[in-house]
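Chemist: Structure incoming, see below.
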Amino acid sequence: MWRTARESVCLICRSAATPRKAVLEPIQPGISQRNYATRSQERRPSRMVLSDRVAREPSRYKKEGEGDSRFRKPQNRQEGPFGGMNRTVANVDRSRTSPARDSRDRDSDSRDKDDRDKGKEGAHRDYKALKMQRALATVPYHQRMAVKSRIEEIESFDQFDLVPEIKEAVYNDVLKGMVDIKPTPVQRLAISAMLGKPLGERRIRKLAGDELKREEFLLAAETGSGKTLAYLLPCIHHLRVSEKEDVDVQNYNKRLEAEKERRNGQPVSEWLDNFEPHPNTARPRVIVLVPTNELVEQVLNTAKSISHLAKFKVRPLSANYNPAKIQRNLYSPGGVDMIIATPHILAKIAERDPNILSRVSHLVIDEADSLFDRSFSPETGKIVDRALPSVRQLVLCSATIPRRLDNYLDAHFPNITRVVTPRLHAIPRRVQLGVIDVAKDPYRGNKPLACADAIWSIGKDASEHEDLDADEMDVKRIMVFVNERETAQEVTEYLVSKGIDAVALHRDTSDQRQEEALAVFTTPEPLKVSKAEAEEQRKATIGLRKRHLPNTKVIVATDLASRGIDTVAVRYVVLYDVPHTTIDFIHRLGRAGRMNRRGRGIVLVGKNDRRDIVREVKESMFRGQALI
Ligand SMILES: Nc1ncnc2c1ncn2[C@@H]1O[C@H](COP(=O)(O)OP(=O)(O)OP(=O)(O)O)[C@@H](O)[C@H]1O
């Protein structure tokens, strides 16, 4: 995964490298390679933009698009969020965004009323700055509502035709301790679809000359909406069901039982090791690809918590493990059913042993926009190509669908079923965004001071609401996002000098420190600090003319920590730099307000930042709309 144009470093091997040629080059007939190269250079830094037609039915779009100039890409379009800065006319397809539709697109909750109250003014706001950058999109209104009505039919995990042990694991392990557990919108849609309940125009792709049928799904849903369970549960269900029908596994189990009987209670491990490895040894049937080592661990933990009851073997493959451990994970004689891997490691292993991908029936590509982007697409592509002949369900999953990915899907998976939730590309509804103008008094351009002040006020506010009789106080977790790794280090040092417990997280941070830092932010448990300890620290700093903020923990991170990392307990996100794209806005602010929790975003806007963009993002958040 390449974080920003400047920070072109692989998150897996952590080494700088020359960006490889994109597999997802835009398809622009008539543009010669040479011209195209010049164009890409002109467009640098290359920024992805969100697709505005994610939920469309593929065939319908094709029909409309064929030979129709309205649906062709404008030839001289400047891409990127700030690419259209000198335009005088918004490059907007008016047929898709009439004011009437705009007003209907809004969430159906209380914000509708607010907008009605505002009358024409609310309904006719058109986010000019965002549209001029062509970075923001809405899912067509009629498709959202159609999806919504289907979502409302399912109230509980019990309504899915899942293997009973899987449902038990959801209630007793994965979501243990929660009350009133209900599937989220994406779970309702995706689990139904993957278990075979048609979602409108679902199509099954027949492979030429082959009886094998393959289903393809795109799960596109907002951040923190439970996409991991949405794909894991049906995959595990199919794994369990197919195991019962698998002749090789059945025969193996019979031989194993016979051997156990023959040995009369003696261990059979030696027999397994030397004579009879499991048919699934190094032949997993489910593969989940994710872009980073941290996400491998996160998805692995969720899958493991289901595996205790649902009885399957899941193993990780990532740069976190040494070659010997990887070998053991894959070639263990007991077999492996599911692999959670980063593409670089898996592609390398598959080159040596192509049979590894020969029995894959379910292939999931999580964070698909990253995995089909420049840095990952060669490896992802190799894995997809090798696994596809046996794959029954291919699942692509992401909270943001850039136009490039959208075009790629059109070209390579034209029949993909698009499972799109009503709030795709929207920032979680309970996150409020505050803006601090650092160009004005009292900061006059001193951004680090503004950041430290914001953190201090969060800490102070929290301590004012503390229970006076309690021995401990809550620790607030705050994520600060910057665009460049150098800034991460500088800001961290400044915050520490102001008595704030801050750590930097970027590609130069050692793996162990990254793990430690993230652990504090990914645990859902409340963090506490004893008041006596805090008081001691306060006294210790009196003579030093230094202050100390005891009840906050801060991580200053680049995009390394913005994708997929499940930070359910984080309520505060500070955008130290205005993000380059709406995609970055979505992922960074999406670390707070997960699963309908309350959250607060604070963006620091400097003299050279695009205030109009920030204003429109804030406004679309207020109105509960998707960023387009
Ligand atoms: N039905 C549910 N009810 C309550 N909590 C849930 C439910 N499903 C998942 N969760 C929890 O919600 C959190 C977010 O889930 P997950 O990480 O899968 O979100 P995501 O959609 O993949 O987010 P992102 O796009 O940022 O990667 C997790 O802590 C998960 O345990």
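In the structure tokens, chains take letters A, B, ... by order of appearance, with residues numbered from 1 within each chain and ligands from 1 in the order shown.
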If you count only C-alpha atoms and all ligand atoms, which residues end up within 8 Å of ligand 1, as JSON, numbers by chain?
Modeler: {"A": [174, 175, 178, 181, 182, 183, 184, 187, 221, 222, 223, 224, 225, 226, 227, 228, 229, 230, 302, 367, 398, 399, 524, 562, 563, 564, 565, 566, 567, 568, 587, 590, 591, 594, 595]}
Chemist: As a ChimeraX atom specification, which residues of stretch 199-384 of chain A does DSSP assign to alpha helix (DSSP H)?
Modeler: /A:227-245,247-263,269-274,293-310,323-331,343-352,368-371,377-384
Chemist: Give me the residues near A:Val299 as a list in words, where near means some atom within 9 Å (using only C-alpha atoms) and where sequence neighbours in that chain fewer than 2 positions away do not count.
Modeler: Thr228, Leu232, Val288, Val290, Glu294, Leu295, Val296, Glu297, Asn301, Thr302, Ala303, Lys304 and Ile340 of chain A
Chemist: Write the selection just made, keeping N, CA and C atoms, as an mmCIF file, in the first residue's frame?
Modeler:
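In the end it all went to result_32.cif:
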```cif
data_model
loop_
_atom_site.group_PDB
_atom_site.id
_atom_site.type_symbol
_atom_site.label_atom_id
_atom_site.label_comp_id
_atom_site.auth_asym_id
_atom_site.auth_seq_id
_atom_site.Cartn_x
_atom_site.Cartn_y
_atom_site.Cartn_z
ATOM 1 N N THR A 228 -16.249 -6.665 7.993
ATOM 2 C CA THR A 228 -15.459 -7.880 8.208
ATOM 3 C C THR A 228 -16.381 -9.077 8.475
ATOM 4 N N LEU A 232 -17.000 -12.502 6.407
ATOM 5 C CA LEU A 232 -16.468 -13.698 7.086
ATOM 6 C C LEU A 232 -17.555 -14.742 7.352
ATOM 7 N N VAL A 288 -8.441 -14.510 2.540
ATOM 8 C CA VAL A 288 -8.802 -13.103 2.726
ATOM 9 C C VAL A 288 -7.521 -12.289 2.543
ATOM 10 N N VAL A 290 -5.666 -8.642 2.732
ATOM 11 C CA VAL A 290 -5.750 -7.293 3.318
ATOM 12 C C VAL A 290 -4.407 -6.593 3.086
ATOM 13 N N GLU A 294 -1.080 -5.191 10.199
ATOM 14 C CA GLU A 294 -1.999 -4.895 11.311
ATOM 15 C C GLU A 294 -3.393 -5.433 11.000
ATOM 16 N N LEU A 295 -3.791 -5.283 9.732
ATOM 17 C CA LEU A 295 -5.129 -5.760 9.374
ATOM 18 C C LEU A 295 -5.184 -7.291 9.329
ATOM 19 N N VAL A 296 -4.058 -7.924 8.989
ATOM 20 C CA VAL A 296 -4.023 -9.391 9.048
ATOM 21 C C VAL A 296 -4.364 -9.826 10.470
ATOM 22 N N GLU A 297 -3.720 -9.186 11.449
ATOM 23 C CA GLU A 297 -3.957 -9.562 12.854
ATOM 24 C C GLU A 297 -5.402 -9.292 13.246
ATOM 25 N N ASN A 301 -7.988 -12.196 14.335
ATOM 26 C CA ASN A 301 -8.607 -12.280 15.674
ATOM 27 C C ASN A 301 -10.111 -12.500 15.572
ATOM 28 N N THR A 302 -10.748 -11.795 14.651
ATOM 29 C CA THR A 302 -12.197 -11.987 14.489
ATOM 30 C C THR A 302 -12.483 -13.415 14.016
ATOM 31 N N ALA A 303 -11.730 -13.862 13.007
ATOM 32 C CA ALA A 303 -11.968 -15.216 12.480
ATOM 33 C C ALA A 303 -11.699 -16.266 13.553
ATOM 34 N N LYS A 304 -10.640 -16.043 14.335
ATOM 35 C CA LYS A 304 -10.312 -17.024 15.383
ATOM 36 C C LYS A 304 -11.431 -17.126 16.405
ATOM 37 N N ILE A 340 -5.446 -15.657 6.140
ATOM 38 C CA ILE A 340 -5.565 -14.198 6.086
ATOM 39 C C ILE A 340 -4.172 -13.701 5.724
#
```
Chemist: Neighbouring residues of stretch 503-518 of chain A were defined as those with any atom within 9 Å, considering only C-alpha atoms; residues of the same chain fewer than 2 positions away were excluded. Please report them as a PyMOL selection string.
Modeler: chain A and resi 7+9-11+14-15+294+320+484-486+488-493+496+501+520-523+553-561+565+567
Chemist: Store the residues picked out above in a file with N, CA and C atoms, as a tab-separated table (two decimals), in the first residue's frame.
Modeler:
```
chain	number	residue	atom	x	y	z
A	7	GLU	N	5.09	9.79	0.07
A	7	GLU	CA	5.53	8.75	0.98
A	7	GLU	C	5.37	7.40	0.32
A	9	VAL	N	6.07	4.23	0.10
A	9	VAL	CA	6.76	3.17	0.78
A	9	VAL	C	5.80	2.04	1.07
A	10	CYS	N	6.27	0.85	0.83
A	10	CYS	CA	5.40	-0.30	1.02
A	10	CYS	C	5.18	-0.55	2.50
A	11	LEU	N	3.93	-0.72	2.90
A	11	LEU	CA	3.65	-0.95	4.31
A	11	LEU	C	4.05	-2.35	4.73
A	14	ARG	N	8.15	-2.24	4.17
A	14	ARG	CA	8.63	-1.00	4.77
A	14	ARG	C	9.84	-0.43	4.04
A	15	SER	N	9.97	-0.77	2.78
A	15	SER	CA	11.11	-0.22	2.06
A	15	SER	C	10.62	0.72	0.98
A	294	GLU	N	-1.08	-5.19	10.20
A	294	GLU	CA	-2.00	-4.90	11.31
A	294	GLU	C	-3.39	-5.43	11.00
A	320	ASN	N	4.85	-10.13	9.56
A	320	ASN	CA	5.01	-10.25	11.02
A	320	ASN	C	5.58	-11.60	11.42
A	484	GLU	N	2.17	14.07	6.05
A	484	GLU	CA	3.54	13.63	5.80
A	484	GLU	C	4.16	13.05	7.07
A	485	ARG	N	5.05	12.08	6.85
A	485	ARG	CA	5.59	11.42	8.05
A	485	ARG	C	6.51	12.35	8.84
A	486	GLU	N	7.21	13.27	8.15
A	486	GLU	CA	8.08	14.20	8.87
A	486	GLU	C	7.23	15.02	9.84
A	488	ALA	N	4.56	14.12	11.27
A	488	ALA	CA	4.11	13.28	12.39
A	488	ALA	C	5.13	13.35	13.52
A	489	GLN	N	6.41	13.26	13.15
A	489	GLN	CA	7.45	13.28	14.16
A	489	GLN	C	7.52	14.65	14.84
A	490	GLU	N	7.48	15.71	14.02
A	490	GLU	CA	7.58	17.07	14.59
A	490	GLU	C	6.42	17.37	15.54
A	491	VAL	N	5.22	17.02	15.08
A	491	VAL	CA	4.03	17.33	15.89
A	491	VAL	C	4.08	16.53	17.20
A	492	THR	N	4.52	15.29	17.11
A	492	THR	CA	4.59	14.46	18.33
A	492	THR	C	5.52	15.12	19.34
A	493	GLU	N	6.70	15.52	18.85
A	493	GLU	CA	7.67	16.12	19.78
A	493	GLU	C	7.09	17.38	20.42
A	496	VAL	N	4.49	16.43	23.05
A	496	VAL	CA	5.13	15.91	24.26
A	496	VAL	C	5.69	17.07	25.09
A	501	ASP	N	0.68	13.08	26.30
A	501	ASP	CA	1.22	11.74	26.09
A	501	ASP	C	0.98	11.33	24.63
A	520	VAL	N	-3.35	0.33	22.22
A	520	VAL	CA	-4.11	1.21	23.11
A	520	VAL	C	-5.36	1.75	22.39
A	521	PHE	N	-5.24	1.91	21.09
A	521	PHE	CA	-6.33	2.54	20.34
A	521	PHE	C	-7.32	1.53	19.77
A	522	THR	N	-6.91	0.26	19.70
A	522	THR	CA	-7.81	-0.73	19.11
A	522	THR	C	-8.59	-1.52	20.16
A	523	THR	N	-8.16	-1.45	21.40
A	523	THR	CA	-8.92	-2.19	22.40
A	523	THR	C	-10.25	-1.48	22.70
A	553	LYS	N	-4.52	10.04	25.64
A	553	LYS	CA	-3.45	9.34	24.93
A	553	LYS	C	-3.60	9.72	23.47
A	554	VAL	N	-2.48	10.13	22.88
A	554	VAL	CA	-2.56	10.65	21.52
A	554	VAL	C	-1.64	9.86	20.61
A	555	ILE	N	-2.14	9.58	19.43
A	555	ILE	CA	-1.29	8.96	18.41
A	555	ILE	C	-1.27	9.95	17.24
A	556	VAL	N	-0.08	10.26	16.76
A	556	VAL	CA	0.02	11.17	15.61
A	556	VAL	C	0.43	10.30	14.43
A	557	ALA	N	-0.47	10.15	13.48
A	557	ALA	CA	-0.25	9.12	12.46
A	557	ALA	C	-0.41	9.66	11.06
A	558	THR	N	0.27	8.97	10.14
A	558	THR	CA	0.01	9.20	8.72
A	558	THR	C	-1.13	8.24	8.34
A	559	ASP	N	-1.37	8.07	7.06
A	559	ASP	CA	-2.47	7.20	6.63
A	559	ASP	C	-2.28	5.74	7.03
A	560	LEU	N	-1.08	5.42	7.50
A	560	LEU	CA	-0.81	4.07	7.97
A	560	LEU	C	-1.89	3.59	8.94
A	561	ALA	N	-2.41	4.52	9.76
A	561	ALA	CA	-3.39	4.10	10.77
A	561	ALA	C	-4.82	4.45	10.36
A	565	ILE	N	-8.30	-0.02	10.35
A	565	ILE	CA	-7.98	-0.27	11.75
A	565	ILE	C	-9.23	0.01	12.58
A	567	THR	N	-10.92	1.11	15.51
A	567	THR	CA	-10.66	1.88	16.73
A	567	THR	C	-12.00	2.27	17.36
```
Chemist: Might you pull out every residue within 8 Å of A:Ser318, with only C-alpha atoms counted and same-chain residues fewer than 4 positions away left off, and present them as a ChimeraX atom specification?
Modeler: /A:12,293,296,341-342,345
Chemist: Determine, counting only C-alpha atoms, which protein, DNA and RNA residues have an atom within 8 Å of an atom of A:Pro277; residues of the same chain fewer than 5 positions away are not included. Present the result as a list in words.
Modeler: Leu272, Ser332, Pro333, Gly334 and Gly335 of chain A
Chemist: Would you save the residues of that selection, restricted to C-alpha atoms, as a compact mmCIF listing (two decimals), in the first residue's frame?
Modeler:
```txt
# COMPACT_ATOMS: atom_id res chain seq x y z
CA LEU A 272 -0.47 -37.45 10.59
CA SER A 332 0.85 -28.06 9.01
CA PRO A 333 -0.28 -31.68 8.57
CA GLY A 334 -3.52 -30.86 10.36
CA GLY A 335 -4.53 -28.72 7.35
```
Chemist: Applying 12 Å and only C-alpha atoms, which residues near A:Asn608 remain after dropping the ones on its own chain fewer than 2 positions away? List them as a ChimeraX atom specification.
Modeler: /A:437-439,445,577-578,604-606,610-612
Chemist: Counting only C-alpha atoms, figure out which residue out of A:Met479, A:Thr487, A:Ala310, A:Ala470 gets nearest to A:Leu575.
Modeler: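 Between A:Met479, A:Thr487, A:Ala310, A:Ala470, the residue approaching A:Leu575 most closely is A:Met479.
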Chemist: Smallest atom-to-atom distance to A:Val186: which of A:Leu424, A:Arg429, A:Ile349, A:Leu256, using only C-alpha atoms?
Modeler: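 For A:Val186, the nearest of the candidates is A:Leu424.
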Chemist: Atom CA of A:Gln537 to atom CA of A:Tyr494: how many Å, to one decimal?
Modeler: 19.1 Å
